[in-house]
Amino acid sequence: MTGKALEKIIASVQNDSSVVLESGEYHFWSDCCRCVEGYHFSNTASAEENPRGAHPVAIFLKKKKNVCIDGNGCKIVVHGIMTPLIFDRCENLVVKNMTIDYARPTMSEFTVLKKVDGGYIISIAKDSLFDIVGARIIWHGERGRDGKYLWAFDYRDYMSISMYKDPETERVRVMGRDSECKFPCVPEFSSVADLGGGLLKVTLKEEKAFFPVGCTVQTRNTVRDQIGGAFVNCKNVLFEKVTIRAMHGLGLLAQLCDTVTFRNINITPSAGRTTASNADFFHVSNCCGKITVEGCVCSDGHDDFINVHGTHLKIEEIEYNTLRVGFVELHSYGFCPFKRGDRIDFIDRLTLLPYGGVTVKSVSIISELEFLLTADEEIRARVGDYVENATMTPEVLIKNNKFGPSMGRGILCTTRKKVVIENNLFYKTGGNVLCIEDDCNFWFESGYTTDVSFVNNRVVACGYGSLEEDNVPVISVNPQVVVRDKPVYVHKRISVENNEFSDLPKNSYIAEIKNTEEFIFLANTSDCIFEIKSKQVKKTEIQTSENLILRSWDYD
């Protein structure tokens with residue numbers, strides 16, 4: 001069945017219905033499928049990069065209730081760059097039993113086979129399409145209906161980043177940097193010769209430039225104009241038994257949703273590839289209810305596995321009972337994170353602590369960046385501080401998953417509701433396994449946490465960092481507090497219990513805890529000395545076990 005036929009089926013879906021798709025493949029081309037506009041997603045494209053919030057989409061469903069879409073084992077194949085799934089204001093929605101893949105993933109890959117006299121032999125991945133123009137490789141997509149490539153960019157494009165994967169260690173690290181490129185990049189070639197069969201001989205302009213023999217080099221454009229899939233303003237969503245082999249930009253996003261479950265999701269690269277996701281696998285922004293990620297298998301991405309957060313908006317102006325607030329980080333804009341009846345807190349930008357709040361009576365949209373919030377009472381806040389939507393903060397359960405290998409962090413979570421992270425395997429993650437921040441000054445991701453339990457997890461060979469000998473603490477609680485002249489306790493209770501830490505780099509056996517009221521570390525086991533570093537932690541409960549030696553101290 002064609003992609004157009006599937007579009008018609010989805011367009012005909014009514015409330016209180018179940019749709020079972022035909023098995024087989026559905027091919028969607030980004031230049032001739034449905035394109036929706038006005039969808040701006042958190043942590044993705046700026047106004048310059050996708051000004052209309054335009055998204056070519058395979059499955060699009062809007063304002064439907066009590067619907068089940070059963071893929072029946074079908075496969076959606078993407079040609080070009082698109083957001084395969086968008087669900088807007090749907091309630092009691094089930095989506096299951098399908099595979100999503102790109103015919104030509106937007107991550108381009110080649111393996112450095114060997115060094116030879118005068119250069120190197122590299123092997124281009126089978127589905128990484130390219131042209132050679134002089135001494136340059138031009139990565140490109142398939143040709144669209146107009147005969148032109150659906151996308152293309154230079155191997156050292158200013159907005160591209162390159163990393164490399166060592167097949168022996170399974171570690172992914174960034175390539176070198178030079179003054180001509182914004183991000184870590186492939187070294188410049190002085191010549192490129194096509195040997196046929198996907199083999200090239202390349203010579204380096206700088207002979208001593210880093211070029212890792214035996215490793216696979218991964219290159220992608222950093223613009224997040226499309227993502228893996230989006231649930232927006234939905235309620236009671238179950239997304240289960242779905243396999244995803246490649247995602248462009250960000251991964252699966254739940255934004256302004258109430259209760260979303262991701263169950264038995266497999267996000268891993270297909271044979272012959274080394275990357276499945278260009279950025280976060282699961283991203284949760286300004287949601288409420290309960291977020292569940294359970295029984296999933298995820299590996300090989302260029303960012304974090306799960307990020308759950310709200311958004312701090314800056315207070316621009318106050319007039320008695322009205323606030324003018326605006327987005328600051330311009331890769332998050334264009335969506336309204338408030339509605340009538342929401343409780344908003346006023347947040348001190350230096351301490352990240354709330355100092356009052358009001359209930360929203362009405363919301364007026366000034367622009368895609370600014371909103372006018374009205375309350376029933378006088379607003380006692382300060383211009384230059386921030387607001388957080390205290391209502392749109394979810395409970396979180398992350399259970400029975402396998403994460404890794406991958407170069408990013410494991411779980412980022414800043415929500416004031418209960419968070420349980422249990423019975424997961426974290427394997428060869430480059431960054432922190434657990435990272436809890438809160439930020440009014442950089443990414444502006446809110447907010448504080450009250451009760452986080454990290455329990456019964458296995459943490460294996462994690463924290464190796466993005467550079468050689470660049471190890472990081474496997475657990476990091478690091479709210480971005482700016483004030484220095486007094487103690488500040490942002491997070492409430494964080495508990496790390498009954499976990500197993502093994503095979504980490506020596507300098508990664510660390511829990512680094514800052515600005516927290518209570519930190520509990522009980523009955524964990526480790527095959528090496530484990531250190532706890534604390535700064536401005538009011539209360540600690542630390543118990544050694546038979547296989548664990550602890551060093552605990554305050555640090556400057």
# chains A, B, ... in the order shown; residues from 1 in each chain; ligands from 1

$ residues_around --residues "stretch 52-68 of chain A" --least-positions-apart "2" --cutoff "6 Å" --atoms "only C-alpha atoms" --output "PyMOL selection string"
chain A and resi 15-18+30+34-40+50+82-95

$ residues_around --residues "A:Glu180" --least-positions-apart "2" --cutoff "9 Å" --atoms "only C-alpha atoms" --output "PyMOL selection string"
chain A and resi 156+158+177-178+182

$ write_last_selection --atoms "N, CA and C atoms" --output "PDB file, in the first residue's frame"
ATOM      1  N   ARG A 156      32.205  19.070   5.896  1.00  0.00           N
ATOM      2  CA  ARG A 156      32.681  19.965   6.951  1.00  0.00           C
ATOM      3  C   ARG A 156      31.778  21.206   7.060  1.00  0.00           C
ATOM      4  N   TYR A 158      29.370  24.072   8.266  1.00  0.00           N
ATOM      5  CA  TYR A 158      29.487  24.862   9.493  1.00  0.00           C
ATOM      6  C   TYR A 158      28.520  24.374  10.575  1.00  0.00           C
ATOM      7  N   ARG A 177      38.659  19.587  16.631  1.00  0.00           N
ATOM      8  CA  ARG A 177      38.102  20.887  16.260  1.00  0.00           C
ATOM      9  C   ARG A 177      39.149  21.676  15.484  1.00  0.00           C
ATOM     10  N   ASP A 178      38.672  22.552  14.608  1.00  0.00           N
ATOM     11  CA  ASP A 178      39.579  23.510  13.994  1.00  0.00           C
ATOM     12  C   ASP A 178      38.855  24.839  13.826  1.00  0.00           C
ATOM     13  N   LYS A 182      32.380  25.151  13.323  1.00  0.00           N
ATOM     14  CA  LYS A 182      31.762  25.479  14.603  1.00  0.00           C
ATOM     15  C   LYS A 182      31.838  24.307  15.572  1.00  0.00           C
TER      16      LYS A 182
END

$ atom_distance --atom1 "atom CA of A:Val496" --atom2 "atom CA of A:Asn524"
7.7 Å

$ closest_residue --among "A:His27, A:Lys339, A:Lys290, A:Arg380" --to "A:Val360" --atoms "only C-alpha atoms"
A:Lys339

$ closest_residue --among "A:Leu129, A:Cys296, A:Val217, A:Val308" --to "A:Ser162" --atoms "only C-alpha atoms"
A:Val217

$ select_by_dssp --residues "stretch 270-361 of chain A" --states "strand (DSSP E or B)" --output "PDB file with C-alpha atoms, in the first residue's frame"
ATOM      1  CA  SER A 277      19.116   8.942  16.935  1.00  0.00           C
ATOM      2  CA  PHE A 282      12.731  10.572  24.593  1.00  0.00           C
ATOM      3  CA  HIS A 283      12.081  14.232  25.347  1.00  0.00           C
ATOM      4  CA  VAL A 284       9.313  15.354  27.720  1.00  0.00           C
ATOM      5  CA  SER A 285       8.535  19.070  27.932  1.00  0.00           C
ATOM      6  CA  CYS A 288       1.670  16.599  33.704  1.00  0.00           C
ATOM      7  CA  GLY A 289       0.013  13.407  34.922  1.00  0.00           C
ATOM      8  CA  LYS A 290       2.414  10.461  34.687  1.00  0.00           C
ATOM      9  CA  ILE A 291       5.219   9.797  32.204  1.00  0.00           C
ATOM     10  CA  THR A 292       6.218   6.142  31.930  1.00  0.00           C
ATOM     11  CA  VAL A 293       9.117   4.655  29.980  1.00  0.00           C
ATOM     12  CA  GLU A 294       9.093   0.889  30.464  1.00  0.00           C
ATOM     13  CA  VAL A 297      15.761  -0.917  24.425  1.00  0.00           C
ATOM     14  CA  CYS A 298      17.710   2.102  23.175  1.00  0.00           C
ATOM     15  CA  GLY A 301      22.531   8.154  19.729  1.00  0.00           C
ATOM     16  CA  ILE A 306      15.510  10.717  28.446  1.00  0.00           C
ATOM     17  CA  ASN A 307      15.061  14.397  29.305  1.00  0.00           C
ATOM     18  CA  VAL A 308      12.059  15.477  31.403  1.00  0.00           C
ATOM     19  CA  HIS A 309      11.711  19.185  32.163  1.00  0.00           C
ATOM     20  CA  GLY A 310       9.594  22.322  32.142  1.00  0.00           C
ATOM     21  CA  THR A 311      10.544  25.730  30.749  1.00  0.00           C
ATOM     22  CA  LEU A 313      10.110  32.009  30.975  1.00  0.00           C
ATOM     23  CA  LYS A 314      11.522  35.417  31.826  1.00  0.00           C
ATOM     24  CA  ILE A 315       9.415  38.094  33.517  1.00  0.00           C
ATOM     25  CA  GLU A 316       9.666  41.066  31.165  1.00  0.00           C
ATOM     26  CA  GLU A 317       7.072  43.416  32.655  1.00  0.00           C
ATOM     27  CA  ILE A 318       4.654  43.580  35.603  1.00  0.00           C
ATOM     28  CA  GLU A 319       1.523  45.720  35.879  1.00  0.00           C
ATOM     29  CA  THR A 322      -0.577  41.023  34.786  1.00  0.00           C
ATOM     30  CA  LEU A 323       2.782  39.577  33.725  1.00  0.00           C
ATOM     31  CA  ARG A 324       4.476  39.768  30.352  1.00  0.00           C
ATOM     32  CA  VAL A 325       6.742  36.739  30.058  1.00  0.00           C
ATOM     33  CA  GLY A 326       8.883  35.399  27.237  1.00  0.00           C
ATOM     34  CA  ARG A 343      -0.466  27.667  39.026  1.00  0.00           C
ATOM     35  CA  ILE A 344       2.743  29.530  38.222  1.00  0.00           C
ATOM     36  CA  ASP A 345       5.668  30.013  40.588  1.00  0.00           C
ATOM     37  CA  PHE A 346       7.996  33.005  40.612  1.00  0.00           C
ATOM     38  CA  ILE A 347      11.604  31.776  40.475  1.00  0.00           C
ATOM     39  CA  PRO A 354      10.396  29.928  44.287  1.00  0.00           C
ATOM     40  CA  TYR A 355       9.234  32.957  46.276  1.00  0.00           C
ATOM     41  CA  GLY A 356       5.539  33.061  45.545  1.00  0.00           C
ATOM     42  CA  GLY A 357       3.091  32.519  42.773  1.00  0.00           C
ATOM     43  CA  VAL A 358      -0.413  32.995  41.405  1.00  0.00           C
ATOM     44  CA  THR A 359      -3.110  31.115  39.540  1.00  0.00           C
TER      45      THR A 359
END

$ closest_residue --among "A:Ile121, A:Cys181, A:Val242, A:Leu113" --to "A:Ala193" --atoms "only C-alpha atoms"
A:Ile121

$ atom_distance --atom1 "atom CA of A:His79" --atom2 "atom CA of A:Lys241"
22.8 Å

$ closest_residue --among "A:Leu352, A:Leu330, A:Val452, A:Leu195" --to "A:Pro51" --atoms "only C-alpha atoms"
A:Leu330

$ residues_around --residues "A:Phe211" --least-positions-apart "6" --cutoff "9 Å" --atoms "only C-alpha atoms" --output "PyMOL selection string"
chain A and resi 112+120+175-176+186-187+204+217

$ closest_residue --among "A:Asn441, A:Asn236, A:Ser534, A:Thr391" --to "A:Val477" --atoms "only C-alpha atoms"
A:Ser534

$ residues_around --residues "A:His140" --least-positions-apart "4" --cutoff "8 Å" --atoms "only C-alpha atoms" --output "CSV table (one decimal) with N, CA and C atoms, in the first residue's frame"
chain,number,residue,atom,x,y,z
A,128,SER,N,24.7,5.7,3.0
A,128,SER,CA,25.1,7.1,3.1
A,128,SER,C,25.5,7.6,1.7
A,129,LEU,N,24.5,8.2,1.0
A,129,LEU,CA,24.7,8.7,-0.3
A,129,LEU,C,25.6,9.9,-0.3
A,130,PHE,N,26.4,10.0,-1.4
A,130,PHE,CA,27.4,11.1,-1.4
A,130,PHE,C,27.8,11.4,-2.9
A,131,ASP,N,28.4,12.6,-3.1
A,131,ASP,CA,29.1,13.0,-4.3
A,131,ASP,C,30.5,13.4,-3.9
A,149,TYR,N,18.3,16.9,-5.1
A,149,TYR,CA,18.4,16.2,-3.8
A,149,TYR,C,17.5,16.8,-2.8
A,150,LEU,N,16.9,15.9,-2.0
A,150,LEU,CA,16.0,16.4,-0.9
A,150,LEU,C,16.8,17.1,0.2
A,151,TRP,N,18.0,16.8,0.3
A,151,TRP,CA,18.9,17.6,1.2
A,151,TRP,C,20.3,17.3,0.9
A,152,ALA,N,21.2,18.2,1.2
A,152,ALA,CA,22.7,18.0,0.9
A,152,ALA,C,23.5,18.9,1.8
A,153,PHE,N,24.7,18.5,2.2
A,153,PHE,CA,25.6,19.4,2.9
A,153,PHE,C,27.0,18.9,2.8

$ atom_distance --atom1 "atom CA of A:Asp127" --atom2 "atom CA of A:Phe305"
24.8 Å

$ residues_around --residues "A:Tyr464" --least-positions-apart "2" --cutoff "7 Å" --atoms "only C-alpha atoms" --output "list of chain:residue names"
A:Gly430, A:Gly431, A:Cys462, A:Ser466, A:Asp470, A:Asn471, A:Val472, A:Pro505

$ write_last_selection --atoms "all heavy atoms" --output "mmCIF file, in the first residue's frame"
data_model
loop_
_atom_site.group_PDB
_atom_site.id
_atom_site.type_symbol
_atom_site.label_atom_id
_atom_site.label_comp_id
_atom_site.auth_asym_id
_atom_site.auth_seq_id
_atom_site.Cartn_x
_atom_site.Cartn_y
_atom_site.Cartn_z
ATOM 1 N N GLY A 430 28.276 7.633 27.632
ATOM 2 C CA GLY A 430 29.424 8.515 27.751
ATOM 3 C C GLY A 430 29.277 9.525 28.864
ATOM 4 O O GLY A 430 30.249 9.891 29.526
ATOM 5 N N GLY A 431 28.047 9.999 29.101
ATOM 6 C CA GLY A 431 27.813 11.030 30.107
ATOM 7 C C GLY A 431 27.311 10.470 31.421
ATOM 8 O O GLY A 431 27.347 9.261 31.672
ATOM 9 N N CYS A 462 30.052 3.107 32.336
ATOM 10 C CA CYS A 462 29.506 4.414 31.963
ATOM 11 C C CYS A 462 30.415 5.557 32.410
ATOM 12 O O CYS A 462 31.325 5.373 33.214
ATOM 13 C CB CYS A 462 28.125 4.597 32.594
ATOM 14 S SG CYS A 462 26.885 3.430 31.988
ATOM 15 N N SER A 466 33.338 12.640 26.586
ATOM 16 C CA SER A 466 33.324 12.842 25.138
ATOM 17 C C SER A 466 34.717 12.921 24.535
ATOM 18 O O SER A 466 34.885 12.837 23.328
ATOM 19 C CB SER A 466 32.563 14.126 24.802
ATOM 20 O OG SER A 466 33.199 15.247 25.396
ATOM 21 N N ASP A 470 38.407 11.999 29.681
ATOM 22 C CA ASP A 470 37.476 13.082 30.014
ATOM 23 C C ASP A 470 36.303 12.511 30.809
ATOM 24 O O ASP A 470 35.152 12.791 30.536
ATOM 25 C CB ASP A 470 36.980 13.751 28.723
ATOM 26 C CG ASP A 470 36.100 14.955 28.995
ATOM 27 O OD1 ASP A 470 36.347 15.648 29.992
ATOM 28 O OD2 ASP A 470 35.161 15.192 28.215
ATOM 29 N N ASN A 471 36.619 11.679 31.809
ATOM 30 C CA ASN A 471 35.584 10.977 32.554
ATOM 31 C C ASN A 471 34.689 11.942 33.320
ATOM 32 O O ASN A 471 35.098 13.031 33.707
ATOM 33 C CB ASN A 471 36.227 9.986 33.536
ATOM 34 C CG ASN A 471 37.248 9.077 32.872
ATOM 35 O OD1 ASN A 471 38.233 8.723 33.487
ATOM 36 N ND2 ASN A 471 37.045 8.730 31.620
ATOM 37 N N VAL A 472 33.438 11.520 33.543
ATOM 38 C CA VAL A 472 32.470 12.357 34.246
ATOM 39 C C VAL A 472 31.844 11.552 35.380
ATOM 40 O O VAL A 472 31.806 10.317 35.343
ATOM 41 C CB VAL A 472 31.370 12.851 33.289
ATOM 42 C CG1 VAL A 472 31.957 13.707 32.181
ATOM 43 C CG2 VAL A 472 30.582 11.689 32.698
ATOM 44 N N PRO A 505 35.230 3.882 34.129
ATOM 45 C CA PRO A 505 36.552 4.493 34.192
ATOM 46 C C PRO A 505 36.845 4.890 35.640
ATOM 47 O O PRO A 505 35.936 5.269 36.394
ATOM 48 C CB PRO A 505 36.411 5.731 33.296
ATOM 49 C CG PRO A 505 35.279 5.398 32.372
ATOM 50 C CD PRO A 505 34.335 4.566 33.173
#

$ residues_around --residues "A:Ser476" --least-positions-apart "2" --cutoff "6 Å" --atoms "only C-alpha atoms" --output "count of residues only"
4

$ closest_residue --among "A:Met407, A:Cys336, A:Val192, A:Ile267" --to "A:Met163" --atoms "only C-alpha atoms"
A:Met407

$ residues_around --residues "A:Val481" --least-positions-apart "6" --cutoff "9 Å" --atoms "only C-alpha atoms" --output "list in words"
Arg349, Leu350, Thr351, Leu352, Asp438, Asp439, Cys440, Asn441, Val488, Val490 and Asn515 of chain A

$ write_last_selection --atoms "N, CA and C atoms" --output "PDB file, in the first residue's frame"
ATOM      1  N   ARG A 349      16.141  34.088  39.789  1.00  0.00           N
ATOM      2  CA  ARG A 349      17.074  33.632  38.748  1.00  0.00           C
ATOM      3  C   ARG A 349      18.444  33.268  39.304  1.00  0.00           C
ATOM      4  N   LEU A 350      18.811  33.800  40.475  1.00  0.00           N
ATOM      5  CA  LEU A 350      20.128  33.523  41.052  1.00  0.00           C
ATOM      6  C   LEU A 350      20.134  32.257  41.906  1.00  0.00           C
ATOM      7  N   THR A 351      19.041  32.037  42.641  1.00  0.00           N
ATOM      8  CA  THR A 351      18.993  30.891  43.555  1.00  0.00           C
ATOM      9  C   THR A 351      18.172  29.727  43.015  1.00  0.00           C
ATOM     10  N   LEU A 352      17.330  29.965  42.011  1.00  0.00           N
ATOM     11  CA  LEU A 352      16.399  28.995  41.449  1.00  0.00           C
ATOM     12  C   LEU A 352      15.272  28.638  42.414  1.00  0.00           C
ATOM     13  N   ASP A 438      18.508  22.125  36.718  1.00  0.00           N
ATOM     14  CA  ASP A 438      17.534  23.198  36.935  1.00  0.00           C
ATOM     15  C   ASP A 438      18.280  24.462  36.548  1.00  0.00           C
ATOM     16  N   ASP A 439      17.636  25.317  35.747  1.00  0.00           N
ATOM     17  CA  ASP A 439      18.461  26.296  35.049  1.00  0.00           C
ATOM     18  C   ASP A 439      17.650  27.514  34.642  1.00  0.00           C
ATOM     19  N   CYS A 440      18.093  28.675  35.098  1.00  0.00           N
ATOM     20  CA  CYS A 440      17.508  29.947  34.666  1.00  0.00           C
ATOM     21  C   CYS A 440      18.505  30.780  33.870  1.00  0.00           C
ATOM     22  N   ASN A 441      19.602  30.181  33.456  1.00  0.00           N
ATOM     23  CA  ASN A 441      20.668  30.983  32.888  1.00  0.00           C
ATOM     24  C   ASN A 441      21.275  30.430  31.602  1.00  0.00           C
ATOM     25  N   VAL A 488      22.211  27.505  49.422  1.00  0.00           N
ATOM     26  CA  VAL A 488      20.982  27.429  48.652  1.00  0.00           C
ATOM     27  C   VAL A 488      20.650  25.955  48.441  1.00  0.00           C
ATOM     28  N   VAL A 490      18.203  23.701  46.461  1.00  0.00           N
ATOM     29  CA  VAL A 490      17.233  23.703  45.361  1.00  0.00           C
ATOM     30  C   VAL A 490      16.417  22.417  45.364  1.00  0.00           C
ATOM     31  N   ASN A 515      23.705  21.646  46.257  1.00  0.00           N
ATOM     32  CA  ASN A 515      22.497  22.434  46.526  1.00  0.00           C
ATOM     33  C   ASN A 515      21.256  21.566  46.711  1.00  0.00           C
TER      34      ASN A 515
END
